[in-house]
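Participant: Structure below; questions to follow.
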Amino acid sequence: MTTAYSGDHADFGGGTFNDSVIGKVEGGLHQHSYHHGPVPIATASLPAPPAGFTGRDGDLERLLPVLDPAGVDTGLPVVICAVSGLGGIGKTSLALYAAQLADANGWFPGGTLFVDLRGYDDNPVTADQAVLALLDALGVRGARLPQTTAAQYALYRTLLARERQPMLILLDNASDPAQITALLPGVGAGQHRVLVTSRDRLTDLPARLIGLDTLAPDAAADLLTLALRLSDDRDDRPTREPDALRELAAVCGHHPLALQIAASMLRKRRYRGIASLVEEIRDAADPTDVLALRPVFDVSYGRLPDPQARLLRLLAVAPTADVDVDAAAALADLPSDVVQALLDELASAHFVTPAPGAGSRSWRCRLHDLVRAYGARLATGDTELAEEAEAARGRLLSFYARHLRAADERLSWPPRDPDPELFGSRAAALAWLDAERAGLVAAAQWAESDLHAEAAVGLALRLWRYLDWRRYFEDLITVSRCAQQATEVSGPRTDEAMAWNSLCFSLRELGRVQEAIDAGIRARDLYQAIGDRQGEASAWDNLGNGLRVDGRHDEAIHAHTRARELCRAEGDGSGEASAWDHLGIALSDAGRHKEATAAHTKALDLYRAADDRDGEGRAWHNLGVEWCQTGRTDEAIQAFEKALEVCRELEDWYGTAQSLSELARAHRAGSDPARARALWLQAAVAYERADAPAKASESRHKADQ
């Protein structure tokens, strides 16, 4: 059967087939039905996709093979594909563009049917209303239209079953499988394809599910550029302001509808720069207001049951957009399995994006930036909700404090009071810390809030060992500054001294030597003022390292000597060992190599006595460096091999890389260039594992010399 078109509708009325089918269906029916609400418009031709469609090549590669009537064999009577995603993410645009390509390929000679089900409007279209529109698009109207709902469905399915050439039925903007199920072609109509779009994952349908995410940064910038130049080919702002263009794409969250709205705003401001709009959006309390997205999100949020709506609000006040299930459970004060189920529902509604967690039993979720801004605004909507949000922050800080304490004790050597319930191994503790680092650092910055200052300061100071271990010195400066500023006025003086001491260490590691020395002096003076001799020793030791890097060798030697004496008086074996080790480096820099060797050897003995494997590895490394400098190459190689053994045992990849590099130098000095090259290549791999790409590149360069 061929289909003749009349306007926007497929006209099946010109042949005897439709008359006979309609007559047979109507003949045995006597029941009347009544339809309430406006009947939607269905068309037998597709609306045009929006101009400037871009950035969805990967999604098209997934979708088109499912639409191809000669392609995917799912074994189902009718092949259905459901495209889902957050409101405004571009579901309809993708569906229309894919349908247009399919039509150009000649896949659907039987024609196309399109209907907007308005699933998220106040009065969504029912299946009973939709079937009337689809029959109208098929040319069935007036006297030919059956009077009962059952007869209408029967006629609709019969027409599809008798149409032997493949057709595409595009059901746009569905919110409930009930809107769709009755509209699917029946048995014998397997040549047709059904394409559905929805803000929800329609998991109850036997459909291939394709979820849409935001655009990639480059594609988002391209969309803005296309949207501006389609209206004015002389608009050169994207070329003149490439950085601002990318910033605008970022503050729009790479969300297609937000990008289109931003482009529209720029078109109205033809003689204003892109940067001005970026600034306006960034300064807004809620970017969804500026970008006119709040009504879109309001509709989806309004459909959430109360438990899911509450969890969404609380996720939005978390310190980062990425939240672990257990952390989410702390925020909501609910069991993890309950929160897991709620997150599944939020993911189905595309409010959160799931990702694998650190353990096999859980996963993480991420909120889109604009959804997070929207949820945070909801969380402060009234006094009661604001109090709920602050209580959630307090619970999350307690959760972080407990887990960070347990992880930190696993990292210390020897481990102190390990909690196997939380972390059964050092590797498990590091995996959790790596996964939660961004959240922990951001939560530590809540120290600026009077309500959460004490807990956040404790978090900041407890992060020192881990951030040093992974060499995240910028993060260490950030949390130390927060703790220092929070305690400077009214906090405990010990905490303030610890914060300054941490700043001294991290600033020196980043080469900001004079700032490090100033921070070390401040920490030392604070410890002295409160009579904390062990803390004062640590401050002297850190200060000595800064002075040594600044070339002030005599002052450095004095500082480390003072630290050593204080630690010995306090019975702090590991602290004394550290002071001896650093003293050895300062003595070596001053050319006093015999004394330096004795100092490193003393440090090694003290670390062993304290069962401090981490310190023992550092002492072996420093002793090896000293022996290399004095020509004792064979002994140096043995020392570096022992240091390497400890670093590998502790999974200290940066230390591993350093020991491998020093071994390579020693072997090259010992006239074994082949062994040296192999070791430098191993060092490059270890540096990569330690997230030190510049060092990795340097090691490869040395291997090739």
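How things are named: the first chain in the structure tokens is A, the next is B, and so on; residues count from 1 in each chain; ligands count from 1 in the order shown.
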Please identify all polymer residues within 8 Å of Leu587 in chain A, counting only C-alpha atoms, omitting same-chain residues fewer than 5 positions from it, and present them as an mmCIF file with all heavy atoms, in the first residue's frame.
Facilitator:
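Output file result-v1.cif is given in full below:
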```cif
data_model
loop_
_atom_site.group_PDB
_atom_site.id
_atom_site.type_symbol
_atom_site.label_atom_id
_atom_site.label_comp_id
_atom_site.auth_asym_id
_atom_site.auth_seq_id
_atom_site.Cartn_x
_atom_site.Cartn_y
_atom_site.Cartn_z
ATOM 1 N N HIS A 553 72.565 27.893 55.307
ATOM 2 C CA HIS A 553 72.935 26.580 55.817
ATOM 3 C C HIS A 553 73.171 26.572 57.326
ATOM 4 O O HIS A 553 72.739 25.647 58.027
ATOM 5 C CB HIS A 553 74.184 26.075 55.092
ATOM 6 C CG HIS A 553 74.011 25.979 53.610
ATOM 7 N ND1 HIS A 553 73.017 25.242 53.014
ATOM 8 C CD2 HIS A 553 74.715 26.561 52.586
ATOM 9 C CE1 HIS A 553 73.102 25.344 51.696
ATOM 10 N NE2 HIS A 553 74.127 26.158 51.411
ATOM 11 N N ILE A 557 71.112 24.310 59.985
ATOM 12 C CA ILE A 557 71.735 23.335 60.882
ATOM 13 C C ILE A 557 71.319 23.615 62.325
ATOM 14 O O ILE A 557 70.999 22.689 63.093
ATOM 15 C CB ILE A 557 73.271 23.376 60.718
ATOM 16 C CG1 ILE A 557 73.654 22.793 59.342
ATOM 17 C CG2 ILE A 557 73.961 22.614 61.847
ATOM 18 C CD1 ILE A 557 75.106 23.031 58.961
ATOM 19 N N ARG A 592 79.794 19.307 54.696
ATOM 20 C CA ARG A 592 80.267 18.542 55.864
ATOM 21 C C ARG A 592 79.784 17.086 55.714
ATOM 22 O O ARG A 592 78.911 16.618 56.427
ATOM 23 C CB ARG A 592 79.764 19.198 57.140
ATOM 24 C CG ARG A 592 80.318 20.610 57.311
ATOM 25 C CD ARG A 592 79.524 21.492 58.257
ATOM 26 N NE ARG A 592 79.447 20.981 59.616
ATOM 27 C CZ ARG A 592 78.852 21.617 60.631
ATOM 28 N NH1 ARG A 592 78.278 22.817 60.401
ATOM 29 N NH2 ARG A 592 78.812 21.098 61.831
ATOM 30 N N HIS A 593 80.390 16.360 54.748
ATOM 31 C CA HIS A 593 79.859 15.068 54.320
ATOM 32 C C HIS A 593 80.041 13.973 55.363
ATOM 33 O O HIS A 593 79.169 13.106 55.497
ATOM 34 C CB HIS A 593 80.508 14.665 52.995
ATOM 35 C CG HIS A 593 80.166 15.585 51.866
ATOM 36 N ND1 HIS A 593 78.901 15.655 51.325
ATOM 37 C CD2 HIS A 593 80.924 16.506 51.195
ATOM 38 C CE1 HIS A 593 78.878 16.558 50.355
ATOM 39 N NE2 HIS A 593 80.097 17.094 50.264
ATOM 40 N N GLU A 595 79.982 14.284 58.628
ATOM 41 C CA GLU A 595 78.939 14.494 59.629
ATOM 42 C C GLU A 595 77.553 14.156 59.048
ATOM 43 O O GLU A 595 76.681 13.637 59.758
ATOM 44 C CB GLU A 595 78.953 15.948 60.098
ATOM 45 C CG GLU A 595 80.199 16.354 60.867
ATOM 46 C CD GLU A 595 80.218 17.845 61.125
ATOM 47 O OE1 GLU A 595 79.582 18.286 62.111
ATOM 48 O OE2 GLU A 595 80.841 18.580 60.325
ATOM 49 N N ALA A 596 77.358 14.455 57.776
ATOM 50 C CA ALA A 596 76.075 14.162 57.128
ATOM 51 C C ALA A 596 75.817 12.663 57.115
ATOM 52 O O ALA A 596 74.703 12.203 57.415
ATOM 53 C CB ALA A 596 76.060 14.715 55.700
#
```
Participant: Which residues, written as a PyMOL selection string, have at least one atom at most 10 Å from range 114-121 of chain A, with only C-alpha atoms counted and residues fewer than 4 positions away on the same chain left out?
Facilitator: chain A and resi 40-47+87+92+96+125-127+129-131+133-134+137+168-176+179-180+195-199+296+299-300+302-303
Participant: My list of candidates is A:Gly142, A:Gly520, A:Pro49, A:Gly85. Which is closest to Ala349 in chain A when distances are computed with only C-alpha atoms?
Facilitator: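 Distance minimum relative to Ala349 in chain A lands on A:Gly85.
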Participant: Would you mind telling me which residue in A:Arg471, A:Arg193, A:Arg229, A:Arg164 lies nearest to Gly71 in chain A when using only C-alpha atoms?
Facilitator: A:Arg193
Participant: Might you pull out every residue within 8 Å of range 609-622 of chain A, with only C-alpha atoms counted and same-chain residues fewer than 3 positions away left off, and present them as a PyMOL selection string?
Facilitator: chain A and resi 413-414+573-574+577-578+581+585+600-601+603-606+625-626+639-640+642-647+650+659
Participant: List the spatial neighbours of range 511-519 of chain A as a PyMOL selection string - criterion: any atom at most 7 Å away, only C-alpha atoms, same-chain residues fewer than 2 positions off excluded.
Facilitator: chain A and resi 500-501+503-505+507-509+521-523+543+546-547+550
Participant: May I have the residues within 12 Å of Ala220 in chain A as a ChimeraX atom specification, using only C-alpha atoms and disregarding those fewer than 3 positions away in the same chain?
Facilitator: /A:52-56,89,213-217,223-227,245-260,262-263
Participant: How far is it from CA of Val290 in chain A to CA of Ser449 in chain A, in Å with one decimal?
Facilitator: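 CA of Ser449 in chain A lies 27.3 Å from CA of Val290 in chain A.
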Participant: So which bits of range 160-369 of chain A end up strand (DSSP E) when you DSSP the backbone, as an NGL selection string?
Facilitator: :A and (167-174 or 193-198 or 208-211 or 322-324 or 352-356 or 363-367)
Participant: Save the residues we just selected, N, CA and C atoms, as a CSV table (one decimal), in the first residue's frame?
Facilitator:
```csv
chain,number,residue,atom,x,y,z
A,167,MET,N,7.4,2.0,8.8
A,167,MET,CA,7.0,3.4,9.2
A,167,MET,C,7.8,3.7,10.5
A,168,LEU,N,8.0,5.0,10.8
A,168,LEU,CA,8.6,5.5,12.0
A,168,LEU,C,7.5,6.2,12.8
A,169,ILE,N,7.3,5.8,14.1
A,169,ILE,CA,6.4,6.5,15.0
A,169,ILE,C,7.2,7.2,16.1
A,170,LEU,N,7.2,8.5,16.1
A,170,LEU,CA,8.0,9.3,17.0
A,170,LEU,C,7.1,9.9,18.1
A,171,LEU,N,7.2,9.3,19.3
A,171,LEU,CA,6.4,9.8,20.4
A,171,LEU,C,7.2,10.6,21.4
A,172,ASP,N,7.0,11.9,21.3
A,172,ASP,CA,7.9,12.9,21.9
A,172,ASP,C,7.4,13.3,23.3
A,173,ASN,N,8.4,13.4,24.2
A,173,ASN,CA,8.1,14.1,25.5
A,173,ASN,C,7.1,13.2,26.3
A,174,ALA,N,7.4,11.9,26.5
A,174,ALA,CA,6.5,11.1,27.3
A,174,ALA,C,7.0,11.1,28.7
A,193,ARG,N,9.3,1.1,13.4
A,193,ARG,CA,10.1,1.5,14.5
A,193,ARG,C,9.4,2.5,15.3
A,194,VAL,N,9.6,2.5,16.6
A,194,VAL,CA,9.0,3.5,17.5
A,194,VAL,C,10.2,4.2,18.3
A,195,LEU,N,10.2,5.5,18.2
A,195,LEU,CA,11.2,6.3,18.9
A,195,LEU,C,10.5,7.2,19.9
A,196,VAL,N,11.0,7.1,21.2
A,196,VAL,CA,10.3,7.8,22.3
A,196,VAL,C,11.4,8.7,22.9
A,197,THR,N,10.9,9.9,23.3
A,197,THR,CA,11.8,10.8,24.1
A,197,THR,C,11.1,11.0,25.5
A,198,SER,N,12.0,11.1,26.5
A,198,SER,CA,11.4,11.3,27.9
A,198,SER,C,12.5,11.9,28.8
A,208,ARG,N,15.3,-0.2,23.8
A,208,ARG,CA,16.7,0.1,23.8
A,208,ARG,C,16.8,1.5,24.4
A,209,LEU,N,17.5,1.7,25.6
A,209,LEU,CA,17.5,2.9,26.3
A,209,LEU,C,18.8,3.7,26.0
A,210,ILE,N,18.7,4.9,25.6
A,210,ILE,CA,19.8,5.8,25.3
A,210,ILE,C,19.7,7.0,26.2
A,211,GLY,N,20.6,7.2,27.1
A,211,GLY,CA,20.6,8.4,28.0
A,211,GLY,C,21.5,9.5,27.4
A,322,ASP,N,30.0,15.7,43.2
A,322,ASP,CA,30.2,14.3,43.1
A,322,ASP,C,30.1,13.7,44.5
A,323,VAL,N,29.2,12.8,44.8
A,323,VAL,CA,28.9,12.3,46.1
A,323,VAL,C,28.8,10.8,46.1
A,324,ASP,N,29.5,10.2,47.1
A,324,ASP,CA,29.4,8.8,47.3
A,324,ASP,C,28.1,8.4,48.0
A,352,VAL,N,20.5,13.0,38.7
A,352,VAL,CA,21.9,12.6,39.0
A,352,VAL,C,22.4,11.7,38.0
A,353,THR,N,23.7,11.6,37.8
A,353,THR,CA,24.4,10.7,36.9
A,353,THR,C,25.2,9.7,37.7
A,354,PRO,N,24.9,8.4,37.6
A,354,PRO,CA,25.6,7.4,38.4
A,354,PRO,C,27.0,7.1,37.8
A,355,ALA,N,27.9,6.7,38.7
A,355,ALA,CA,29.2,6.3,38.3
A,355,ALA,C,29.7,5.3,39.3
A,356,PRO,N,30.6,4.3,38.9
A,356,PRO,CA,31.1,3.3,39.9
A,356,PRO,C,31.7,4.0,41.1
A,363,TRP,N,28.0,3.0,44.6
A,363,TRP,CA,28.4,3.8,43.4
A,363,TRP,C,28.3,5.3,43.9
A,364,ARG,N,28.8,6.1,43.0
A,364,ARG,CA,28.8,7.6,43.3
A,364,ARG,C,27.7,8.2,42.4
A,365,CYS,N,27.3,9.4,42.7
A,365,CYS,CA,26.4,10.1,41.9
A,365,CYS,C,26.9,11.5,41.7
A,366,ARG,N,26.6,12.1,40.5
A,366,ARG,CA,27.1,13.4,40.2
A,366,ARG,C,25.9,14.3,39.8
A,367,LEU,N,25.8,15.5,40.4
A,367,LEU,CA,24.8,16.4,40.0
A,367,LEU,C,25.3,17.3,38.9
```
